[in-house]
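Text of target_37.cif, listed as mmCIF, C-alpha atoms:
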data_final
#
loop_
_atom_site.label_atom_id
_atom_site.label_comp_id
_atom_site.auth_asym_id
_atom_site.auth_seq_id
_atom_site.Cartn_x
_atom_site.Cartn_y
_atom_site.Cartn_z
CA MET R 83 47.18 22.49 -18.74
CA ASN R 84 45.51 21.40 -15.53
CA ASN R 85 45.05 17.71 -14.87
CA PRO R 86 41.46 16.41 -15.17
CA PRO R 87 39.71 16.23 -11.79
CA LEU R 88 39.58 12.85 -10.10
CA PHE R 89 36.10 11.35 -9.71
CA THR R 90 35.44 8.95 -6.81
CA ILE R 91 32.76 6.24 -6.91
CA ILE R 92 31.83 4.42 -3.70
CA THR R 93 30.01 1.10 -3.70
CA LEU R 94 29.42 -1.74 -1.22
CA ALA R 95 29.81 -5.46 -1.86
CA TYR R 96 28.48 -8.38 0.16
CA ASN R 97 26.87 -11.35 -1.56
CA ARG R 98 25.54 -10.49 -5.01
CA LEU R 99 28.42 -11.49 -7.26
CA ASP R 100 26.64 -11.17 -10.62
CA TYR R 101 25.29 -7.72 -9.81
CA THR R 102 28.58 -6.60 -8.28
CA ARG R 103 30.50 -7.75 -11.35
CA GLN R 104 28.15 -5.94 -13.73
CA SER R 105 28.19 -2.80 -11.63
CA LEU R 106 31.98 -2.65 -11.35
CA GLU R 107 32.51 -3.40 -15.03
CA ALA R 108 30.23 -0.49 -15.92
CA MET R 109 32.28 1.78 -13.64
CA ARG R 110 35.60 0.61 -15.05
CA SER R 111 34.32 1.06 -18.62
CA GLN R 112 33.51 4.74 -18.19
CA THR R 113 34.59 7.07 -20.98
CA TYR R 114 36.02 9.29 -18.24
CA LYS R 115 39.18 7.52 -17.11
CA ASP R 116 40.33 9.62 -14.13
CA LEU R 117 38.49 7.48 -11.61
CA GLU R 118 38.92 6.28 -8.08
CA ILE R 119 36.61 3.33 -7.39
CA ILE R 120 36.33 2.49 -3.69
CA VAL R 121 34.64 -0.83 -2.97
CA VAL R 122 33.69 -1.57 0.61
CA ASN R 123 34.04 -5.26 1.42
CA ASN R 124 31.10 -5.38 3.81
CA GLY R 125 31.93 -8.74 5.37
CA ALA R 126 31.56 -10.20 1.90
CA THR R 127 31.39 -13.82 0.85
CA SER R 128 34.62 -15.50 -0.22
CA GLU R 129 33.68 -15.43 -3.91
CA ILE R 130 33.05 -11.68 -3.73
CA ILE R 131 36.39 -11.12 -1.96
CA ASP R 132 38.27 -13.20 -4.52
CA TYR R 133 36.64 -11.24 -7.33
CA LEU R 134 37.48 -7.88 -5.74
CA ILE R 135 41.10 -8.87 -5.20
CA ASN R 136 41.43 -9.89 -8.85
CA VAL R 137 39.84 -6.64 -10.03
CA LYS R 138 42.13 -4.57 -7.83
CA ALA R 139 45.17 -6.41 -9.16
CA SER R 140 44.18 -5.60 -12.75
CA ASP R 141 43.02 -2.00 -12.24
CA ASN R 142 44.98 0.38 -10.03
CA ARG R 143 41.99 2.74 -9.89
CA VAL R 144 40.19 0.27 -7.60
CA LYS R 145 40.62 0.44 -3.83
CA ILE R 146 39.09 -1.89 -1.24
CA VAL R 147 38.00 -0.97 2.28
CA HIS R 148 37.61 -4.11 4.36
CA PHE R 149 35.11 -4.91 7.10
CA LYS R 150 35.55 -8.35 8.60
CA GLU R 151 31.87 -8.54 9.58
CA ASN R 152 28.83 -7.38 7.68
CA GLN R 153 27.59 -4.02 8.95
CA PHE R 154 23.93 -4.70 8.18
CA TRP R 155 22.22 -4.80 11.53
CA ASP R 156 18.77 -6.09 12.38
CA ASN R 157 17.47 -2.54 12.71
CA GLY R 158 17.74 -1.78 9.03
CA ASP R 159 20.34 -0.88 6.42
CA GLN R 160 20.79 2.77 7.34
CA ILE R 161 23.55 2.21 9.90
CA MET R 162 25.35 0.06 7.35
CA LEU R 163 25.32 2.95 4.90
CA ARG R 164 26.70 5.40 7.44
CA VAL R 165 29.49 3.13 8.69
CA CYS R 166 30.61 1.78 5.33
CA CYS R 167 30.24 4.91 3.23
CA ASN R 168 31.98 7.17 5.74
CA ALA R 169 34.84 4.68 5.95
CA ALA R 170 35.16 4.97 2.18
CA LEU R 171 34.78 8.74 2.32
CA LYS R 172 37.85 8.94 4.58
CA GLU R 173 39.86 7.13 1.91
CA ALA R 174 38.50 9.17 -0.99
CA THR R 175 40.72 11.68 -2.75
CA GLY R 176 38.54 12.64 -5.71
CA GLU R 177 37.27 16.16 -6.22
CA TYR R 178 33.81 14.75 -6.93
CA ILE R 179 32.16 11.82 -5.22
CA PHE R 180 29.23 9.53 -5.93
CA TYR R 181 27.69 6.56 -4.12
CA GLN R 182 26.08 3.74 -6.09
CA SER R 183 24.39 0.57 -4.90
CA ASP R 184 26.03 -2.69 -5.97
CA ASP R 185 22.99 -3.80 -7.97
CA ASP R 186 22.66 -0.65 -10.09
CA LEU R 187 24.46 0.36 -13.29
CA MET R 188 25.69 3.59 -14.86
CA ALA R 189 25.78 4.31 -18.55
CA ASN R 190 29.33 4.34 -19.87
CA ASP R 191 29.40 8.13 -20.25
CA TYR R 192 27.67 8.95 -16.95
CA VAL R 193 30.77 10.14 -15.09
CA GLU R 194 31.91 12.20 -18.07
CA LYS R 195 28.59 14.04 -18.11
CA MET R 196 28.72 14.67 -14.35
CA VAL R 197 32.23 16.11 -14.53
CA LYS R 198 31.17 18.35 -17.41
CA LEU R 199 28.29 19.74 -15.34
CA PHE R 200 30.74 20.80 -12.65
CA GLY R 201 33.32 22.05 -15.13
CA ASP R 202 30.88 24.20 -17.10
CA ASN R 203 29.62 26.02 -14.01
CA PRO R 204 31.99 26.83 -11.12
CA ASP R 205 28.99 27.42 -8.82
CA CYS R 206 27.71 23.85 -9.33
CA THR R 207 27.99 21.84 -6.10
CA SER R 208 25.76 18.87 -6.97
CA ALA R 209 24.86 17.08 -10.18
CA ALA R 210 22.50 14.33 -11.30
CA GLY R 211 21.19 12.48 -14.30
CA ILE R 212 18.08 10.47 -15.09
CA ILE R 213 17.03 7.19 -13.44
CA LYS R 214 15.77 4.38 -15.64
CA HIS R 215 14.48 1.10 -14.24
CA ILE R 216 15.71 -2.34 -15.23
CA ASP R 217 14.77 -5.81 -14.05
CA ALA R 218 16.98 -8.53 -12.58
CA GLN R 219 18.16 -9.51 -16.08
CA GLY R 220 18.96 -5.92 -17.05
CA GLN R 221 15.92 -5.46 -19.30
CA MET R 222 14.31 -2.01 -19.43
CA LEU R 223 11.14 -1.56 -17.40
CA ASP R 224 10.42 2.08 -18.22
CA LYS R 225 7.67 2.57 -20.77
CA GLY R 226 6.07 5.65 -22.20
CA SER R 227 7.22 9.23 -21.98
CA ARG R 228 8.88 10.80 -18.97
CA THR R 229 6.52 12.55 -16.55
CA VAL R 230 9.01 13.88 -13.98
CA ASN R 231 12.55 15.28 -13.79
CA TYR R 232 11.93 18.27 -16.02
CA ARG R 233 14.32 21.02 -14.99
CA PRO R 234 16.97 23.27 -16.46
CA ARG R 235 20.61 22.30 -16.72
CA TYR R 236 21.39 24.48 -13.71
CA MET R 237 19.21 25.90 -10.98
CA PRO R 238 19.45 26.93 -7.33
CA GLY R 239 19.37 23.76 -5.24
CA HIS R 240 16.85 25.06 -2.72
CA LEU R 241 14.31 25.78 -5.49
CA LEU R 242 14.64 22.19 -6.68
CA VAL R 243 13.92 20.95 -3.15
CA LEU R 244 10.94 23.28 -2.74
CA ASN R 245 9.45 21.98 -5.98
CA THR R 246 10.04 18.42 -4.77
CA LEU R 247 8.23 19.13 -1.52
CA CYS R 248 5.16 20.59 -3.21
CA LYS R 249 5.25 17.84 -5.90
CA GLY R 250 4.32 20.29 -8.62
CA GLU R 251 0.93 20.92 -7.01
CA TYR R 252 0.97 24.58 -7.99
CA GLY R 253 1.01 23.89 -11.70
CA ASN R 254 4.74 23.26 -11.96
CA GLU R 255 6.25 20.14 -13.43
CA VAL R 256 7.91 17.82 -10.91
CA MET R 257 11.59 18.69 -11.22
CA PHE R 258 13.04 15.84 -9.21
CA SER R 259 12.07 12.25 -8.57
CA ALA R 260 14.43 9.35 -7.90
CA PRO R 261 14.14 6.04 -6.02
CA GLY R 262 17.56 6.29 -4.39
CA THR R 263 20.72 8.33 -4.08
CA VAL R 264 21.41 9.98 -7.42
CA PHE R 265 23.47 13.08 -6.67
CA THR R 266 27.18 13.56 -7.26
CA PHE R 267 28.78 16.13 -4.94
CA LYS R 268 31.94 18.07 -4.59
CA ARG R 269 33.67 16.01 -1.95
CA GLU R 270 34.54 19.00 0.24
CA ASP R 271 30.87 20.08 0.35
CA LEU R 272 29.69 16.60 1.31
CA VAL R 273 32.28 16.37 4.09
CA LYS R 274 31.43 19.86 5.35
CA ALA R 275 27.72 19.02 5.46
CA GLY R 276 28.32 15.93 7.62
CA GLY R 277 29.28 13.14 5.26
CA TYR R 278 27.01 10.13 4.84
CA HIS R 279 24.09 9.92 7.25
CA GLU R 280 21.86 6.92 8.00
CA SER R 281 19.05 8.78 6.25
CA MET R 282 21.15 9.16 3.12
CA GLU R 283 18.55 10.32 0.62
CA PHE R 284 17.03 12.93 2.93
CA SER R 285 20.42 14.15 4.13
CA GLN R 286 21.58 14.78 0.58
CA LEU R 287 18.37 16.32 -0.71
CA TYR R 288 17.68 18.59 2.27
CA GLY R 289 21.12 19.01 3.81
CA VAL R 290 23.52 19.35 0.85
CA VAL R 291 21.74 20.06 -2.46
CA PRO R 292 19.92 23.24 -1.31
CA PHE R 293 23.07 25.16 -0.48
CA GLY R 294 24.50 25.63 -3.94
CA THR R 295 23.68 25.33 -7.63
CA THR R 296 22.56 21.89 -8.78
CA GLY R 297 23.30 20.58 -12.24
CA PHE R 298 21.25 18.21 -14.37
CA ASP R 299 21.89 16.30 -17.59
CA GLU R 300 18.90 14.38 -18.88
CA ALA R 301 21.16 12.41 -21.21
CA ALA R 302 23.13 10.96 -18.28
CA ILE R 303 21.55 7.62 -17.40
CA LEU R 304 21.64 5.59 -14.20
CA TYR R 305 19.98 2.18 -14.33
CA TRP R 306 18.21 1.30 -11.09
CA ARG R 307 17.56 -2.41 -10.79
CA ARG R 308 14.26 -3.72 -9.42
CA HIS R 309 14.43 -7.29 -8.12
CA LYS R 310 13.14 -9.49 -5.33
CA ASP R 311 16.31 -9.26 -3.23
CA GLN R 312 16.35 -5.47 -2.84
CA THR R 313 17.41 -4.56 0.69
CA ASN R 314 14.74 -1.89 1.03
CA LYS R 315 12.02 -4.45 0.31
CA PHE R 316 13.17 -6.52 3.25
CA THR R 317 13.43 -3.60 5.67
CA THR R 318 10.08 -1.99 4.85
CA LEU R 319 8.25 -5.28 5.30
CA THR R 320 9.69 -5.51 8.81
CA GLY R 321 8.56 -1.98 9.64
CA TRP R 322 11.99 -0.42 9.33
CA ILE R 323 11.32 2.54 7.02
CA GLY R 324 14.07 4.89 8.19
CA LEU R 325 11.68 7.12 10.12
CA ARG R 326 13.76 7.36 13.28
CA GLU R 327 16.91 8.04 11.27
CA THR R 328 15.23 10.86 9.34
CA VAL R 329 13.96 12.47 12.53
CA GLU R 330 17.47 12.25 13.96
CA LEU R 331 18.86 13.78 10.77
CA ILE R 332 16.58 16.80 11.07
CA LYS R 333 17.83 17.36 14.62
CA ASP R 334 21.48 16.36 14.20
CA TRP R 335 22.03 18.36 11.02
CA GLN R 336 19.88 21.28 12.24
CA ILE R 337 17.97 21.30 8.96
CA GLU R 338 15.60 24.11 9.94
CA GLU R 339 18.48 26.29 11.11
CA ARG R 340 20.39 25.70 7.88
CA TRP R 341 17.37 26.69 5.81
CA GLN R 342 17.12 30.01 7.65
CA VAL R 343 19.50 31.45 5.02
CA PHE R 344 16.52 31.47 2.65
CA GLY R 345 14.24 33.22 5.17
CA ASN R 346 12.22 32.22 8.22
CA GLY R 347 9.06 31.62 6.23
CA ILE R 348 10.73 29.25 3.79
CA ALA R 349 12.47 27.40 6.63
CA ARG R 350 9.14 26.87 8.43
CA TYR R 351 7.45 25.78 5.20
CA VAL R 352 10.18 23.25 4.47
CA MET R 353 9.92 21.77 7.94
CA ARG R 354 6.14 21.48 7.78
CA ARG R 355 6.20 19.77 4.42
CA LEU R 356 9.10 17.57 5.47
CA TRP R 357 7.22 16.35 8.56
CA GLU R 358 4.13 15.75 6.40
CA THR R 359 6.24 13.75 3.94
CA ILE R 360 8.02 11.47 6.39
CA TYR R 361 5.02 10.79 8.63
CA GLY R 362 2.69 10.45 5.65
CA THR R 363 5.05 7.79 4.31
CA ALA R 364 5.00 6.11 7.72
CA ALA R 365 1.20 6.04 7.65
CA SER R 366 1.25 4.51 4.16
CA TRP R 367 3.59 1.72 5.22
CA PHE R 368 1.56 1.15 8.38
CA VAL R 369 -1.57 0.56 6.28
CA VAL R 370 0.23 -1.70 3.80
CA ASN R 371 1.64 -3.85 6.59
CA LEU R 372 -1.67 -3.86 8.45
CA TYR R 373 -3.61 -5.03 5.42
CA PHE R 374 -1.16 -7.88 4.93
CA PHE R 375 -1.28 -8.79 8.63
CA ARG R 376 2.33 -7.94 9.35
CA PHE R 377 1.48 -6.79 12.85
CA LYS R 378 5.05 -6.77 14.13
CA ALA R 379 5.95 -4.30 11.40
CA CYS R 380 2.92 -2.19 12.29
CA LEU R 381 4.00 -2.05 15.91
CA LYS R 382 7.47 -0.93 14.87
CA ILE R 383 6.09 1.91 12.77
CA LEU R 384 3.57 2.86 15.45
CA LYS R 385 6.29 3.03 18.07
CA ASP R 386 8.25 5.52 15.97
CA ALA R 387 5.30 7.57 14.68
CA ARG R 388 2.72 7.52 17.46
CA SER R 389 3.52 11.02 18.76
CA SER R 390 3.13 12.72 15.37
CA PHE R 391 0.02 14.71 14.50
CA TYR R 392 0.82 14.28 10.81
CA PHE R 393 0.78 10.47 11.14
CA TRP R 394 -2.66 10.38 12.77
CA ARG R 395 -4.08 12.96 10.37
CA LYS R 396 -3.05 10.89 7.35
CA LEU R 397 -3.91 7.44 8.71
CA PRO R 398 -7.76 7.47 8.56
CA MET R 399 -7.79 8.56 4.92
CA LEU R 400 -5.31 5.86 3.96
CA LEU R 401 -7.24 3.19 5.83
CA TRP R 402 -10.33 4.15 3.84
CA THR R 403 -8.76 4.60 0.41
CA GLU R 404 -6.75 1.38 0.63
CA ARG R 405 -9.64 -0.76 1.87
CA ARG R 406 -10.04 -2.29 -1.59
CA GLN R 407 -6.55 -3.77 -1.27
CA LEU R 408 -7.64 -5.45 1.95
CA TRP R 409 -10.73 -6.87 0.27
CA TRP R 410 -8.66 -8.07 -2.70
CA TYR R 411 -6.33 -9.86 -0.29
CA LEU R 412 -9.03 -11.31 1.97
CA ARG R 413 -11.58 -12.36 -0.63
CA PRO R 414 -9.94 -15.64 -1.73
CA LYS R 415 -9.19 -16.55 1.87
CA LEU R 416 -12.76 -15.90 2.95
CA GLN R 417 -14.03 -17.92 0.00
CA LEU R 418 -11.80 -20.80 1.05
CA VAL R 419 -13.20 -20.68 4.59
CA LYS R 420 -16.74 -20.52 3.22
CA ASN R 421 -16.18 -23.57 1.02
CA ARG R 422 -14.86 -25.54 3.94
CA VAL R 423 -17.81 -24.60 6.12
CA LEU R 424 -20.29 -25.58 3.42
CA LYS R 425 -18.64 -28.99 3.11
#

Step by step, read the file and then write its structure as C-alpha cells.
Amino acid sequence: MNNPPLFTIITLAYNRLDYTRQSLEAMRSQTYKDLEIIVVNNGATSEIIDYLINVKASDNRVKIVHFKENQFWDNGDQIMLRVCCNAALKEATGEYIFYQSDDDLMANDYVEKMVKLFGDNPDCTSAAGIIKHIDAQGQMLDKGSRTVNYRPRYMPGHLLVLNTLCKGEYGNEVMFSAPGTVFTFKREDLVKAGGYHESMEFSQLYGVVPFGTTGFDEAAILYWRRHKDQTNKFTTLTGWIGLRETVELIKDWQIEERWQVFGNGIARYVMRRLWETIYGTAASWFVVNLYFFRFKACLKILKDARSSFYFWRKLPMLLWTERRQLWWYLRPKLQLVKNRVLK
C-alpha cells in the first residue's frame, strides 16, 4: 500500500502571537496527519520565536525558516510574500502545498478534504474550499445564505477563471470569490509556473489554476479573520494596492502567451478583462483615498495607473457614484466650521 501523500502548509510569523498560536494549533490538529508545516520566522519578536521553538521541539512536523530581519518593506507586503514564501517553497517536500496567513484558521478536516480532491481525480492540479469570515475574537461574521462559490466538484480551471472575470454577468452564478489565497496546488505545478510571486492572488488564479482541473469542496472551511491590524488595510490606505506587481506579473509570467493554448480570442478576452479589473480597482482605491484626503496615497496610485485608458475610463463614474460618501464625511466637519463662524 502506498504511503499517504505529504501535505505542506506554509505560514509566516512576525508579531501576532495569539493569532499565530491559534493558526498553528488548527494546523497541528488536522485530521490528516501526514503534514509538513513550514513557519517562516519573518524577523519575529522574541516571544514569537520562543513559541515557535517550543512548538518545533514538540512536533517534528514543524520546520522553521529564519529571517533575521523582517522582510516587510515600505513599498508594501508583496515583496515579503515572494521572499518568504519562496524560501519556504525551497524547503518544502510535500506533494501538495498551501499558503495560509498567520491570522487565519482552517477547519480541522480542511487538509483531509483537499487531499481527497486530488486523490479522487488524477487530473486535479488545484483545490479549494469555502471562505468564511470571523472577527478578531473568532466569532462568525457571515450571515445569510451563500451567494457566490457555486461550482461543481471538478471543472476545467480556465473556465473557472473566465467565469470569475465576467462575474456571472451572462446569467451564470459566480463560481469563485475569495478575499485571499485559497488554492492548494500540486507542488511541482506551482514550482513550474514560477513559484510565489509578489502578486500572489493574481499569479495563482491566472497563472496556475487555468492550466489543469480545479477541485472544490464546499464543506471544506477556511476562516478568514477580519480585524483592524490586517496588513492589507495598512497598505491600501498608503496607496500600495499591488498594481505595479500585477502588471509585472502579466509581463514576467507571459500570461497572454500562456492563455494562447485556449485560443487567440480567449487570450485577448482574458487580457482585456484583466486590465479592466486591475485598473478599475486602482480607480476605486484612488477615489476612496481622495474622498478621505489621503493625497499621498492618491499620488502613489496615480503614478502607477496614469498611463492606463481603463483607469481614466472608470474614474469619472466612480467620482460621481461615490460622491455621497464624500458628503457623508464632510458634512459634520462643515457643520463644525459653520458653528464656529456663527459664534

Task: Shortest interatomic distance to Thr328 (chain R) - which of R:Val343, R:Ala387, R:Ala365, R:Leu199, counting all atoms listed in the file - done: R:Ala387

Open item on the list: Can you spell out as a ChimeraX atom specification the set of residues that the PyMOL selection byres ((chain R and resi 240) around 10) selects in the structure I just provided?
Closed with: /R:237-239,241-246,287-296,341,344,348,352

- [ ] Just say which residues the PyMOL selection byres ((chain R and resi 89) around 10) picks in this file, as a PyMOL selection string.
- [x] chain R and resi 86-88+90-91+114-119+174-180+193-194+196-197+266-269

Task: Shell of 10 Å around Arg376 (chain R), only C-alpha atoms, local chain residues under 6 positions omitted, as number ranges by chain - done: R: 319-321, 368-370

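The residue that comes closest to Glu255 (chain R), out of R:Leu171, R:Glu358, R:Tyr232, R:Asp271 and on the basis of only C-alpha atoms, is R:Tyr232.
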
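Each of R:His215, R:Lys310, R:Arg235, R:Arg110 was checked against Ala260 (chain R) using only C-alpha atoms; the smallest atom-to-atom distance is that of R:His215.
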
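Residues with any atom within 9 Å of Ile337 (chain R), counting only C-alpha atoms and excluding same-chain neighbours fewer than 5 positions away, are Ser285, Tyr288, Gly289, Leu331, Ile332, Gln342, Ala349 and Met353 of chain R.
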
Can you complete the atoms of region 216-235 of chain R to N, CA and C atoms and list them as an mmCIF file, in the coordinates of the input?
data_model
loop_
_atom_site.group_PDB
_atom_site.id
_atom_site.type_symbol
_atom_site.label_atom_id
_atom_site.label_comp_id
_atom_site.auth_asym_id
_atom_site.auth_seq_id
_atom_site.Cartn_x
_atom_site.Cartn_y
_atom_site.Cartn_z
ATOM 1 N N ILE R 216 15.458 -1.075 -14.547
ATOM 2 C CA ILE R 216 15.710 -2.340 -15.230
ATOM 3 C C ILE R 216 15.325 -3.489 -14.299
ATOM 4 N N ASP R 217 15.114 -4.664 -14.872
ATOM 5 C CA ASP R 217 14.770 -5.810 -14.050
ATOM 6 C C ASP R 217 16.026 -6.590 -13.682
ATOM 7 N N ALA R 218 15.841 -7.743 -13.051
ATOM 8 C CA ALA R 218 16.980 -8.530 -12.580
ATOM 9 C C ALA R 218 17.901 -8.940 -13.712
ATOM 10 N N GLN R 219 17.353 -9.098 -14.923
ATOM 11 C CA GLN R 219 18.160 -9.510 -16.080
ATOM 12 C C GLN R 219 18.725 -8.318 -16.844
ATOM 13 N N GLY R 220 18.438 -7.110 -16.383
ATOM 14 C CA GLY R 220 18.960 -5.920 -17.050
ATOM 15 C C GLY R 220 18.077 -5.393 -18.157
ATOM 16 N N GLN R 221 16.848 -5.918 -18.268
ATOM 17 C CA GLN R 221 15.920 -5.460 -19.300
ATOM 18 C C GLN R 221 15.192 -4.197 -18.834
ATOM 19 N N MET R 222 14.956 -3.274 -19.761
ATOM 20 C CA MET R 222 14.310 -2.010 -19.430
ATOM 21 C C MET R 222 12.876 -2.226 -18.976
ATOM 22 N N LEU R 223 12.503 -1.509 -17.906
ATOM 23 C CA LEU R 223 11.140 -1.560 -17.400
ATOM 24 C C LEU R 223 10.366 -0.281 -17.711
ATOM 25 N N ASP R 224 11.073 0.800 -17.955
ATOM 26 C CA ASP R 224 10.420 2.080 -18.220
ATOM 27 C C ASP R 224 9.700 2.048 -19.561
ATOM 28 N N LYS R 225 8.458 2.502 -19.549
ATOM 29 C CA LYS R 225 7.670 2.570 -20.770
ATOM 30 C C LYS R 225 6.970 3.925 -20.828
ATOM 31 N N GLY R 226 6.756 4.381 -22.037
ATOM 32 C CA GLY R 226 6.070 5.650 -22.200
ATOM 33 C C GLY R 226 7.011 6.832 -22.008
ATOM 34 N N SER R 227 6.430 8.009 -22.086
ATOM 35 C CA SER R 227 7.220 9.230 -21.980
ATOM 36 C C SER R 227 7.483 9.591 -20.528
ATOM 37 N N ARG R 228 8.511 10.373 -20.313
ATOM 38 C CA ARG R 228 8.880 10.800 -18.970
ATOM 39 C C ARG R 228 7.855 11.778 -18.437
ATOM 40 N N THR R 229 7.506 11.663 -17.174
ATOM 41 C CA THR R 229 6.520 12.550 -16.550
ATOM 42 C C THR R 229 7.122 13.406 -15.446
ATOM 43 N N VAL R 230 8.357 13.125 -15.042
ATOM 44 C CA VAL R 230 9.010 13.880 -13.980
ATOM 45 C C VAL R 230 10.448 14.202 -14.397
ATOM 46 N N ASN R 231 11.161 14.899 -13.526
ATOM 47 C CA ASN R 231 12.550 15.280 -13.790
ATOM 48 C C ASN R 231 12.664 16.196 -15.000
ATOM 49 N N TYR R 232 11.807 17.211 -15.032
ATOM 50 C CA TYR R 232 11.930 18.270 -16.020
ATOM 51 C C TYR R 232 12.472 19.504 -15.310
ATOM 52 N N ARG R 233 13.718 19.842 -15.603
ATOM 53 C CA ARG R 233 14.320 21.020 -14.990
ATOM 54 C C ARG R 233 15.470 21.504 -15.855
ATOM 55 N N PRO R 234 15.879 22.736 -15.641
ATOM 56 C CA PRO R 234 16.970 23.270 -16.460
ATOM 57 C C PRO R 234 18.301 22.617 -16.127
ATOM 58 N N ARG R 235 19.290 22.890 -16.930
ATOM 59 C CA ARG R 235 20.610 22.300 -16.720
ATOM 60 C C ARG R 235 21.205 22.750 -15.393
#
